[in-house]
>>> print(open('final_39.txt').read())   # compact mmCIF, C-alpha atoms
# COMPACT_ATOMS: atom_id res chain seq x y z
CA MET A 12 0.00 0.00 0.00
CA ARG A 13 2.83 2.37 0.86
CA LYS A 14 4.48 1.78 -2.53
CA ASN A 15 1.27 2.79 -4.30
CA ILE A 16 1.05 6.05 -2.34
CA TYR A 17 4.67 6.90 -3.14
CA LEU A 18 4.09 6.07 -6.80
CA ILE A 19 1.03 8.34 -6.94
CA ILE A 20 2.84 11.21 -5.23
CA LEU A 21 5.85 10.82 -7.52
CA SER A 22 3.67 10.81 -10.65
CA TYR A 23 1.96 14.06 -9.60
CA VAL A 24 5.30 15.70 -8.88
CA LEU A 25 6.77 14.76 -12.26
CA VAL A 26 3.76 15.88 -14.32
CA SER A 27 3.54 19.53 -15.25
CA CYS A 28 1.04 21.53 -17.28
CA TYR A 29 3.78 23.89 -18.44
CA THR A 30 5.87 23.18 -21.52
CA TYR A 31 8.54 25.06 -23.42
CA GLN A 32 7.16 26.17 -26.80
CA VAL A 33 8.87 28.05 -29.62
CA LYS A 34 6.83 31.09 -30.60
CA LYS A 35 6.23 31.10 -34.34
CA PRO A 36 6.39 34.50 -36.06
CA THR A 37 3.31 35.69 -37.88
CA ASP A 38 3.45 35.65 -41.67
CA PRO A 39 2.58 39.06 -43.15
CA ALA A 40 1.83 37.48 -46.54
CA ALA A 41 -0.93 35.33 -45.01
CA GLU A 42 -2.43 38.37 -43.30
CA ASN A 43 -2.45 40.27 -46.60
CA GLN A 44 -4.25 37.34 -48.29
CA ASN A 45 -6.95 37.41 -45.59
CA ASN A 46 -7.34 41.16 -46.09
CA SER A 47 -7.62 40.74 -49.86
CA ARG A 48 -10.37 38.09 -49.45
CA ARG A 49 -12.37 40.53 -47.35
CA ASN A 50 -11.85 43.22 -49.95
CA VAL A 51 -13.28 41.03 -52.72
CA GLU A 52 -16.59 40.98 -50.92
CA SER A 53 -16.77 44.78 -50.65
CA ALA A 54 -17.83 47.24 -53.32
CA VAL A 55 -15.63 48.04 -56.35
CA ASP A 56 -14.79 51.56 -55.24
CA MET A 57 -13.82 50.34 -51.76
CA GLN A 58 -11.53 47.77 -53.40
CA MET A 59 -9.60 50.45 -55.24
CA LYS A 60 -9.08 52.47 -52.10
CA ASN A 61 -8.02 49.40 -50.08
CA ALA A 62 -5.73 48.14 -52.84
CA GLY A 63 -3.85 51.44 -52.86
CA ALA A 64 -3.55 51.37 -49.06
CA GLN A 65 -2.48 47.71 -49.05
CA SER A 66 0.25 48.28 -51.62
CA GLN A 67 1.66 51.03 -49.39
CA ASN A 68 1.39 48.74 -46.33
CA MET A 69 3.08 45.84 -48.13
CA ASN A 70 5.98 48.09 -49.11
CA ALA A 71 6.29 49.36 -45.53
CA GLN A 72 6.06 45.87 -43.97
CA SER A 73 9.24 43.90 -44.36
CA PRO A 74 10.04 40.85 -42.27
CA ALA A 75 11.99 42.18 -39.33
CA PRO A 76 15.06 40.24 -38.21
CA VAL A 77 14.65 38.30 -35.00
CA ASN A 78 15.89 40.45 -32.13
CA VAL A 79 17.22 38.23 -29.37
CA GLN A 80 17.20 41.03 -26.81
CA GLN A 81 13.47 41.64 -27.31
CA LYS A 82 12.63 37.94 -27.09
CA LEU A 83 14.63 37.49 -23.88
CA ALA A 84 13.13 40.09 -21.58
CA PRO A 85 14.02 40.11 -17.86
CA ASN A 86 12.26 37.59 -15.56
CA LYS A 87 11.22 35.34 -18.47
CA ASN A 88 11.52 31.59 -18.05
CA VAL A 89 12.94 30.30 -21.34
CA LYS A 90 14.81 27.41 -22.89
CA ILE A 91 17.67 28.60 -25.09
CA ASP A 92 20.11 26.81 -27.37
CA VAL A 93 23.69 28.05 -26.99
CA ASP A 94 26.40 26.49 -29.15
CA GLY A 95 24.45 23.23 -29.50
CA LYS A 96 23.64 22.88 -25.79
CA SER A 97 20.22 23.75 -24.36
CA TYR A 98 19.68 25.62 -21.11
CA LYS A 99 16.52 26.26 -19.11
CA VAL A 100 17.14 29.68 -17.61
CA ILE A 101 15.43 32.68 -16.08
CA VAL A 102 16.65 35.89 -17.67
CA ASP A 103 18.08 38.41 -15.21
CA ARG A 104 19.29 41.28 -17.38
CA TRP A 105 21.25 42.33 -20.44
CA GLU A 106 24.71 43.82 -20.04
CA SER A 107 25.41 45.45 -23.41
CA ASP A 108 25.57 42.39 -25.75
CA SER A 109 25.69 39.71 -23.04
CA LEU A 110 22.75 37.90 -21.49
CA VAL A 111 22.99 37.39 -17.73
CA ALA A 112 20.74 34.57 -16.51
CA HIS A 113 20.53 31.82 -13.92
CA PRO A 114 19.36 28.21 -14.25
CA VAL A 115 15.75 27.55 -13.27
CA HIS A 116 16.47 25.56 -10.12
CA ASN A 117 19.77 27.19 -9.15
CA PRO A 118 19.44 30.97 -8.63
CA LYS A 119 22.92 31.30 -7.12
CA ARG A 120 24.70 30.21 -10.31
CA VAL A 121 25.13 32.96 -12.89
CA LEU A 122 25.39 32.22 -16.62
CA LYS A 123 26.56 34.73 -19.24
CA PHE A 124 26.03 34.30 -22.97
CA HIS A 125 26.85 36.63 -25.85
CA LYS A 126 23.86 37.36 -28.08
CA ASN A 127 25.66 35.86 -31.11
CA GLN A 128 26.00 32.52 -29.29
CA ILE A 129 22.25 32.18 -28.76
CA ASN A 130 20.25 30.47 -31.52
CA ALA A 131 17.31 32.86 -32.02
CA ASP A 132 15.19 30.25 -33.83
CA LYS A 133 15.19 27.87 -30.86
CA ILE A 134 14.17 30.24 -28.06
CA ALA A 135 11.25 28.52 -26.33
CA GLU A 136 9.10 30.24 -23.70
CA LYS A 137 7.51 28.38 -20.82
CA ARG A 138 3.76 28.35 -21.43
CA PHE A 139 0.66 26.70 -20.06
CA SER A 140 -0.43 23.70 -22.14
CA GLN A 141 -4.19 23.19 -22.09
CA PRO A 142 -4.19 19.68 -23.65
CA ILE A 143 -1.79 18.38 -21.00
CA ALA A 144 -3.91 19.97 -18.27
CA ASP A 145 -7.01 18.27 -19.69
CA ILE A 146 -5.27 14.88 -19.74
CA ILE A 147 -4.15 15.29 -16.13
CA THR A 148 -7.67 16.31 -15.08
CA VAL A 149 -9.28 13.31 -16.78
CA ALA A 150 -6.69 10.97 -15.25
CA ALA A 151 -7.29 12.44 -11.78
CA TYR A 152 -11.07 12.09 -12.08
CA THR A 153 -10.68 8.53 -13.33
CA GLY A 154 -8.39 7.71 -10.41
CA ILE A 155 -10.85 9.19 -7.93
CA GLY A 156 -13.70 7.24 -9.51
CA VAL A 157 -11.75 3.97 -9.34
CA ALA A 158 -10.78 4.65 -5.73
CA ILE A 159 -14.43 5.31 -4.75
CA TYR A 160 -15.52 2.16 -6.59
CA TYR A 161 -13.01 0.00 -4.67
CA LEU A 162 -13.92 1.63 -1.36
CA LEU A 163 -17.61 0.87 -1.87
CA GLN A 164 -17.05 -2.80 -2.68
>>> encode(input="final_39.txt", output="structure tokens")
Amino acid sequence: MRKNIYLIILSYVLVSCYTYQVKKPTDPAAENQNNSRRNVESAVDMQMKNAGAQSQNMNAQSPAPVNVQQKLAPNKNVKIDVDGKSYKVIVDRWESDSLVAHPVHNPKRVLKFHKNQINADKIAEKRFSQPIADIITVAAYTGIGVAIYYLLQ
């Protein structure tokens, strides 16, 4: 009986609803296609006005390069890839071109990385995952139901 309790406690400790997810940039071309579909439904004169405004917007909108310093704001919990090795860190501050951070479970240790060492495409933020939370909830309710069933028999 004691082994089962320890197993249950251990499984709840190891399961987390938070995952590290890479934020995908929005595609301006897809947004412009959605805007053009809406414009088709409007009147002809409105289309001409919108087409002129859209051409100016398309020229003004160019895909901006990924800025590592904006992605890694202070007090963010992120997973970064530095020279082929991944780190789960909490960002402390930026000192000119160097990131000062500490590992998630070790606030006394200080890590410093230059912004050119950090792979900007693999910066993953810690976010709440609704599907995992739903699975945990269903499993908990099932476990409670099974426990009540065995207690009543």
>>> residues_around(input="final_39.txt", residues="Asn86 of chain A", least_positions_apart="3", cutoff="9 Å", atoms="all atoms listed in the file", output="PyMOL selection string")
chain A and resi 83+101-104
>>> residues_near_point(input="final_39.txt", point="(12.1, 30.4, -26.8)", cutoff="10 Å", atoms="only C-alpha atoms", output="PyMOL selection string")
chain A and resi 31-35+79+82-83+87-92+99+130-137
>>> closest_residue(input="final_39.txt", among="A:Leu110, A:Val26, A:Asn15, A:Ile20", to="Ile147 of chain A", atoms="all atoms listed in the file")
A:Val26
>>> atom_distance(input="final_39.txt", atom1="atom CA of Tyr152 of chain A", atom2="atom CA of Ser22 of chain A")
14.9 Å
>>> atom_distance(input="final_39.txt", atom1="atom CA of Tyr160 of chain A", atom2="atom CA of Cys28 of chain A")
27.6 Å
>>> atom_distance(input="final_39.txt", atom1="atom CA of Lys96 of chain A", atom2="atom CA of Arg120 of chain A")
17.2 Å
>>> closest_residue(input="final_39.txt", among="A:Thr30, A:Tyr98, A:Pro114, A:Gln80", to="Lys126 of chain A", atoms="only C-alpha atoms")
A:Gln80
>>> closest_residue(input="final_39.txt", among="A:Val93, A:Val157, A:Met12, A:Val149", to="Ile129 of chain A", atoms="only C-alpha atoms")
A:Val93
>>> axis_aligned_box(input="final_39.txt", around="segment 85-98 of chain A", padding_each_side="3 Å", output="JSON")
{"center_x": 18.8, "center_y": 31.5, "center_z": -22.5, "size_x": 21.2, "size_y": 23.2, "size_z": 19.9}
